[in-house]
$ cat query-v3.txt   # compact mmCIF, C-alpha atoms
# COMPACT_ATOMS: atom_id res chain seq x y z
CA MET A 1 -133.44 80.70 -8.95
CA ILE A 2 -133.61 77.05 -8.40
CA ALA A 3 -132.57 74.76 -11.22
CA MET A 4 -134.25 71.52 -11.51
CA VAL A 5 -131.90 68.61 -12.23
CA SER A 6 -133.47 65.41 -13.25
CA GLY A 7 -131.92 61.97 -12.59
CA ARG A 8 -131.26 61.46 -16.27
CA ASP A 9 -127.64 61.78 -17.47
CA ASN A 10 -127.68 64.45 -20.05
CA THR A 11 -123.89 64.10 -20.83
CA MET A 12 -123.21 63.91 -24.51
CA PRO A 13 -121.49 60.67 -25.66
CA GLN A 14 -117.78 61.19 -26.72
CA THR A 15 -116.71 59.99 -30.17
CA PRO A 16 -113.45 57.93 -30.39
CA PRO A 17 -110.39 59.69 -31.88
CA PRO A 18 -109.20 58.78 -35.32
CA ALA A 19 -107.11 55.67 -35.67
CA ASP A 20 -104.00 57.58 -36.76
CA THR A 21 -104.05 59.62 -33.57
CA PHE A 22 -103.53 56.64 -31.18
CA PRO A 23 -100.27 56.89 -29.11
CA TYR A 24 -97.56 54.16 -29.97
CA ALA A 25 -93.94 53.19 -28.83
CA LYS A 26 -91.16 54.39 -31.20
CA ILE A 27 -88.61 51.60 -32.19
CA GLY A 28 -85.02 52.45 -33.57
CA ILE A 29 -82.43 55.18 -33.28
CA TYR A 30 -83.45 58.66 -34.16
CA GLY A 31 -82.06 62.07 -33.88
CA TRP A 32 -78.40 62.77 -33.12
CA ARG A 33 -77.75 59.10 -32.27
CA LYS A 34 -78.69 58.09 -35.78
CA ARG A 35 -76.43 60.70 -37.32
CA CYS A 36 -73.47 59.58 -35.14
CA LEU A 37 -74.02 55.96 -36.19
CA TYR A 38 -73.99 56.89 -39.88
CA MET A 39 -70.85 58.93 -39.36
CA LEU A 40 -69.10 55.96 -37.63
CA VAL A 41 -70.06 53.59 -40.42
CA LEU A 42 -68.75 56.05 -43.01
CA VAL A 43 -65.43 56.40 -41.17
CA MET A 44 -65.05 52.60 -40.96
CA VAL A 45 -65.73 52.26 -44.69
CA VAL A 46 -63.09 54.89 -45.43
CA LEU A 47 -60.54 53.10 -43.18
CA ILE A 48 -61.26 49.76 -44.84
CA ILE A 49 -60.70 51.27 -48.27
CA ILE A 50 -57.44 52.87 -47.11
CA ASN A 51 -56.24 49.56 -45.59
CA LEU A 52 -57.08 47.68 -48.77
CA ALA A 53 -55.23 50.27 -50.85
CA LEU A 54 -52.16 50.10 -48.57
CA THR A 55 -52.21 46.30 -48.66
CA VAL A 56 -52.31 46.25 -52.44
CA TRP A 57 -49.52 48.84 -52.57
CA ILE A 58 -47.29 46.82 -50.18
CA ILE A 59 -47.89 43.65 -52.19
CA ARG A 60 -46.92 45.43 -55.40
CA VAL A 61 -43.85 47.13 -53.91
CA MET A 62 -42.55 44.08 -52.00
CA ASN A 63 -43.40 41.78 -54.89
CA PHE A 64 -45.28 39.22 -52.83
CA THR A 65 -46.03 36.02 -54.70
CA VAL A 66 -47.01 32.50 -53.80
CA ASP A 67 -43.31 31.51 -54.04
CA GLY A 68 -41.92 34.21 -51.75
CA MET A 69 -41.26 37.91 -51.39
CA GLY A 70 -39.21 39.97 -53.83
CA LYS A 71 -35.92 38.20 -54.53
CA LEU A 72 -36.55 35.82 -51.67
CA ARG A 73 -37.97 32.52 -52.90
CA ILE A 74 -39.14 29.60 -50.80
CA VAL A 75 -38.08 26.31 -52.37
CA ASP A 76 -38.21 22.70 -51.27
CA GLN A 77 -34.64 22.69 -49.93
CA GLY A 78 -34.96 25.99 -48.06
CA VAL A 79 -34.82 29.65 -49.04
CA ARG A 80 -33.23 31.09 -52.19
CA VAL A 81 -32.09 34.71 -52.37
CA GLU A 82 -31.53 36.27 -55.78
CA GLY A 83 -29.08 39.14 -55.44
CA GLN A 84 -27.77 40.63 -52.19
CA ALA A 85 -29.16 39.95 -48.72
CA GLN A 86 -28.48 41.95 -45.57
CA PHE A 87 -28.86 40.38 -42.12
CA LEU A 88 -29.13 42.69 -39.13
CA ASN A 89 -28.74 40.01 -36.44
CA GLU A 90 -27.47 36.45 -36.15
CA VAL A 91 -28.26 33.89 -38.85
CA TYR A 92 -28.61 30.15 -38.16
CA VAL A 93 -28.29 27.96 -41.24
CA SER A 94 -27.06 24.46 -42.03
CA ASN A 95 -25.91 25.12 -45.60
CA ILE A 96 -25.09 28.17 -47.73
CA LYS A 97 -24.30 27.70 -51.42
CA SER A 98 -24.50 29.70 -54.61
CA THR A 99 -26.22 28.90 -57.85
CA SER A 100 -24.31 27.31 -60.69
CA GLY A 101 -21.79 29.69 -62.24
CA SER A 102 -21.91 32.37 -59.51
CA ALA A 103 -19.82 33.07 -56.41
CA VAL A 104 -20.77 33.57 -52.76
CA THR A 105 -19.53 36.77 -51.10
CA VAL A 106 -19.87 37.24 -47.34
CA GLU A 107 -19.16 40.81 -46.25
CA SER A 108 -19.37 42.53 -42.89
CA GLY A 109 -18.74 46.06 -41.70
CA LYS A 110 -16.75 44.81 -38.69
CA ASN A 111 -16.05 41.14 -38.02
CA ILE A 112 -17.32 37.80 -39.29
CA THR A 113 -17.70 34.94 -36.81
CA LEU A 114 -18.68 31.43 -37.84
CA ARG A 115 -19.60 28.99 -35.06
CA SER A 116 -20.60 25.35 -35.01
CA ARG A 117 -22.24 23.69 -32.04
CA ASN A 118 -22.29 20.13 -30.80
CA ASP A 119 -25.74 18.74 -30.18
CA LYS A 120 -24.36 15.92 -28.03
CA ALA A 121 -22.69 18.44 -25.70
CA LYS A 122 -25.89 20.42 -25.01
CA GLY A 123 -25.28 22.82 -27.86
CA ASP A 124 -21.83 23.97 -26.72
CA VAL A 125 -19.62 25.72 -29.28
CA SER A 126 -17.20 23.17 -30.77
CA SER A 127 -15.47 25.27 -33.47
CA THR A 128 -15.17 28.98 -34.22
CA LEU A 129 -13.74 30.83 -37.21
CA PHE A 130 -13.12 34.53 -36.60
CA LEU A 131 -12.35 36.98 -39.43
CA GLY A 132 -11.30 40.28 -37.91
CA ASN A 133 -9.27 43.34 -38.76
CA LYS A 134 -6.22 41.98 -40.64
CA LYS A 135 -6.34 38.66 -38.79
CA VAL A 136 -7.96 35.24 -38.97
CA LYS A 137 -8.42 33.02 -35.93
CA ALA A 138 -9.63 29.43 -35.80
CA PHE A 139 -10.64 27.81 -32.49
CA CYS A 140 -11.01 24.05 -32.84
CA ASP A 141 -9.50 20.74 -31.77
CA LYS A 142 -8.19 19.96 -35.26
CA PHE A 143 -7.51 22.30 -38.19
CA GLU A 144 -7.12 20.72 -41.62
CA VAL A 145 -6.68 22.08 -45.15
CA LEU A 146 -7.55 19.80 -48.08
CA ASP A 147 -7.01 20.15 -51.80
CA LYS A 148 -9.63 19.57 -54.48
CA SER A 149 -8.87 15.84 -54.58
CA GLY A 150 -9.44 15.48 -50.83
CA ASP A 151 -5.79 15.00 -49.83
CA SER A 152 -4.59 16.68 -46.65
CA ARG A 153 -2.20 19.58 -47.18
CA LEU A 154 -2.11 21.03 -43.65
CA THR A 155 -3.12 19.38 -40.40
CA VAL A 156 -2.82 21.02 -36.99
CA ASP A 157 -3.86 19.42 -33.71
CA ASP A 158 -2.59 19.15 -30.14
CA ASN A 159 0.04 16.56 -31.05
CA GLN A 160 1.52 17.66 -34.37
CA VAL A 161 1.57 20.06 -37.28
CA LYS A 162 1.65 18.13 -40.54
CA ILE A 163 2.28 19.72 -43.92
CA GLY A 164 1.64 17.46 -46.88
CA ALA A 165 3.12 18.54 -50.22
CA LYS A 166 3.06 16.36 -53.32
CA GLN A 167 6.39 17.62 -54.66
CA GLN A 168 8.25 19.92 -52.28
CA LEU A 169 7.75 22.32 -49.40
CA THR A 170 9.15 25.79 -50.06
CA VAL A 171 9.77 28.19 -47.16
CA ASN A 172 10.64 31.65 -48.44
CA SER A 173 11.91 33.90 -45.70
CA GLU A 174 14.64 36.53 -45.65
CA ALA A 175 15.57 35.84 -42.02
CA GLY A 176 15.38 32.05 -42.33
CA THR A 177 13.24 29.46 -40.60
CA VAL A 178 13.50 28.59 -36.89
CA PHE A 179 12.70 25.10 -35.57
CA GLU A 180 12.69 24.88 -31.79
CA LYS A 181 12.53 21.08 -31.81
CA SER A 182 13.60 18.39 -34.25
CA ILE A 183 12.39 18.00 -37.81
CA GLN A 184 12.07 14.84 -39.87
CA THR A 185 12.40 14.85 -43.64
CA ASP A 186 14.07 12.91 -46.43
CA HIS A 187 15.38 15.91 -48.40
CA ILE A 188 16.53 19.45 -47.56
CA ARG A 189 17.45 21.62 -50.54
CA GLY A 190 18.10 25.32 -50.96
CA LYS A 191 17.32 27.51 -53.95
CA SER A 192 19.60 27.25 -56.95
CA THR A 193 20.66 30.89 -56.61
CA LYS A 194 21.14 30.97 -52.84
CA ASN A 195 23.13 29.08 -50.23
CA LEU A 196 21.65 26.58 -47.82
CA LYS A 197 22.69 27.22 -44.22
CA ILE A 198 21.80 25.04 -41.25
CA GLU A 199 22.81 26.70 -37.99
CA SER A 200 22.30 26.43 -34.26
CA ALA A 201 23.44 29.65 -32.60
CA THR A 202 23.62 28.48 -28.97
CA GLY A 203 23.25 24.70 -29.17
CA LYS A 204 24.24 21.89 -31.46
CA VAL A 205 23.12 20.57 -34.82
CA GLU A 206 22.53 16.85 -34.90
CA MET A 207 21.70 14.97 -38.10
CA GLN A 208 20.71 11.30 -37.95
CA CYS A 209 19.51 8.78 -40.51
CA SER A 210 18.82 5.09 -40.48
CA GLN A 211 20.64 4.32 -43.78
CA ASN A 212 22.70 6.72 -45.90
CA MET A 213 23.21 10.47 -45.53
CA ASP A 214 24.24 12.36 -48.66
CA ILE A 215 25.49 15.96 -48.42
CA SER A 216 26.26 17.41 -51.83
CA ALA A 217 26.77 20.79 -53.49
CA PRO A 218 27.09 20.35 -57.28
CA LEU A 219 27.63 24.06 -57.99
CA GLY A 220 29.17 25.33 -54.76
CA GLU A 221 31.02 24.32 -51.65
CA ILE A 222 30.19 22.66 -48.36
CA LYS A 223 31.28 24.19 -45.08
CA LEU A 224 31.01 22.42 -41.74
CA LYS A 225 31.88 24.81 -38.93
CA SER A 226 31.71 24.28 -35.19
CA LEU A 227 32.94 26.19 -32.15
CA ASN A 228 34.17 23.18 -30.19
CA SER A 229 34.27 19.98 -32.19
CA LEU A 230 32.83 18.37 -35.28
CA GLN A 231 31.95 14.72 -34.94
CA LEU A 232 31.12 12.41 -37.84
CA GLN A 233 30.16 8.95 -36.64
CA SER A 234 29.35 6.17 -39.05
CA ASN A 235 30.56 2.77 -40.21
CA GLN A 236 31.81 4.41 -43.38
CA ILE A 237 32.35 8.08 -44.26
CA ARG A 238 33.01 8.82 -47.95
CA LEU A 239 34.38 12.15 -49.17
CA ASP A 240 33.95 12.26 -52.95
CA SER A 241 35.60 15.36 -54.40
CA ARG A 242 38.29 16.32 -56.87
CA VAL A 243 40.23 18.14 -54.16
CA ILE A 244 40.04 17.44 -50.40
CA MET A 245 41.79 19.97 -48.17
CA LEU A 246 42.27 19.66 -44.41
CA ARG A 247 43.33 23.02 -43.07
CA ASN A 248 44.76 23.93 -39.67
CA VAL A 249 45.63 20.34 -38.87
CA LYS A 250 48.26 19.93 -36.18
CA VAL A 251 51.46 18.57 -37.67
CA ILE A 252 54.36 17.04 -35.70
CA GLY A 253 57.79 17.13 -37.21
CA PRO A 254 60.01 14.07 -37.58
CA THR A 255 61.31 12.61 -34.35
CA LEU A 256 64.19 10.22 -33.73
CA ASN A 257 63.16 7.14 -31.78
CA LYS A 258 60.68 9.19 -29.76
CA THR A 259 57.05 8.24 -29.27
CA ILE A 260 54.49 11.01 -28.73
CA PRO A 261 51.16 9.91 -27.28
CA GLY A 262 48.25 10.60 -29.58
CA ALA A 263 50.38 11.23 -32.66
CA TYR A 264 49.75 9.09 -35.74
CA GLN A 265 50.30 9.17 -39.44
CA VAL A 266 47.31 9.76 -41.71
CA CYS A 267 47.55 7.39 -44.65
CA VAL A 268 45.43 6.96 -47.74
CA CYS A 269 44.67 3.76 -49.63
CA PRO A 270 45.57 4.28 -53.28
CA SER A 271 42.79 2.01 -54.54
CA ASN A 272 39.73 3.60 -52.96
CA GLY A 273 40.99 6.67 -51.05
CA ARG A 274 40.22 5.27 -47.62
CA LEU A 275 42.00 6.98 -44.72
CA PHE A 276 43.69 5.03 -41.99
CA LEU A 277 46.11 5.73 -39.16
CA ALA A 278 49.55 4.31 -38.75
CA ALA A 279 52.26 4.57 -36.16
CA PRO A 280 54.49 7.64 -36.61
CA SER A 281 57.64 5.56 -37.02
CA SER A 282 56.21 3.02 -39.46
CA GLN A 283 55.48 3.24 -43.16
CA CYS A 284 52.01 3.97 -44.62
CA THR A 285 51.36 0.42 -45.65
CA ALA A 286 48.10 -1.31 -45.03
CA THR A 287 46.90 -4.84 -45.24
CA VAL A 288 44.43 -6.04 -47.83
CA ASP A 289 41.47 -5.93 -45.47
CA VAL A 290 42.03 -2.23 -44.65
CA CYS A 291 42.02 -0.98 -48.25
CA SER A 292 39.37 -3.40 -49.54
$ encode --input "query-v3.txt" --output "structure tokens"
Amino acid sequence: MIAMVSGRDNTMPQTPPPADTFPYAKIGIYGWRKRCLYMLVLVMVVLIIINLALTVWIIRVMNFTVDGMGKLRIVDQGVRVEGQAQFLNEVYVSNIKSTSGSAVTVESGKNITLRSRNDKAKGDVSSTLFLGNKKVKAFCDKFEVLDKSGDSRLTVDDNQVKIGAKQQLTVNSEAGTVFEKSIQTDHIRGKSTKNLKIESATGKVEMQCSQNMDISAPLGEIKLKSLNSLQLQSNQIRLDSRVIMLRNVKVIGPTLNKTIPGAYQVCVCPSNGRLFLAAPSSQCTATVDVCS
């Protein structure tokens, strides 16, 4: 059978689809990506809340204020600590002082070392004070101790050791005091209940003065003892005592018209007690100028 097809287009016209069925591009995050994003935001919010809570807790515990932290206060002159402070490492300060009516206590488990540096010498250590186990050491060019009025009581340097006492210097030692070199003073006095002994075991004792030298013992006796010789050299030597005894003096018996070299008579002036020598064969008479 032959079908006749005419030249006319018998195709039925197509109707457009509804407007809500047109294809379009999706914008945003959907699906599992969206859920992960919400989860991340939630975790960040929780962390922020925890951080804020910890910050508030630290501020409350450490007592942070606008003036400082806890018992540590920041003032115009520096830092003020109320109570005790513990330093784990070195501390560099220019001044440490306590408040009015309180004391400063510096304590260490081992040693305490105080150092001062010289800025002109490139920061080199100029002085050091070391407080150790049962000992104190000071390293400096000059060591000085002052009283509350500012007067020097002890000065030690390379040239001298000077002790300044307003009234007297008392040295209390059972074995005595040893001076390897000379000493200079205007008064040496022992305790009222003990004897004063000045001794040189292997050398000599030499006492010099520019004017008068007074050796007195109001409640005791004076002993001058030497192994070889005792020399008293002065323009005038005065022995003022109720009794003067010269022991172990060599005495030469009377001789008849015989002269012994080095033998003299020891005579005493009756007016003032002055001693003078006379020839062994003459009388103990002196001229006016000798006994004056």
$ closest_residue --input "query-v3.txt" --among "A:Gly190, A:Pro261, A:Gly123, A:Gly78" --to "Ile96 of chain A" --atoms "only C-alpha atoms"
A:Gly78
$ residues_around --input "query-v3.txt" --residues "Lys162 of chain A" --least-positions-apart "5" --cutoff "9 Å" --atoms "all atoms listed in the file" --output "PyMOL selection string"
chain A and resi 152-157
$ residues_near_point --input "query-v3.txt" --point "(31.7, 5.0, -45.2)" --cutoff "12 Å" --atoms "all atoms listed in the file" --output "list in words"
Gln211, Asn212, Met213, Asp214, Leu232, Gln233, Ser234, Asn235, Gln236, Ile237, Arg238, Leu239, Asp240, Asn272, Gly273, Arg274 and Leu275 of chain A
$ closest_atom_pairs --input "query-v3.txt" --of "segment 46-113 of chain A" --to "segment 130-147 of chain A" --cutoff "10 Å" --atoms "all atoms listed in the file" --output "Markdown table"
| residue | atom | partner | partner_atom | distance |
| --- | --- | --- | --- | --- |
| A:Ser108 | CA | A:Leu131 | CA | 9.6 |
| A:Lys110 | CA | A:Gly132 | CA | 7.1 |
| A:Asn111 | CA | A:Gly132 | CA | 4.8 |
| A:Ile112 | CA | A:Leu131 | CA | 5.0 |
| A:Thr113 | CA | A:Phe130 | CA | 4.6 |
$ atom_distance --input "query-v3.txt" --atom1 "atom CA of Gly31 of chain A" --atom2 "atom CA of Val46 of chain A"
23.3 Å
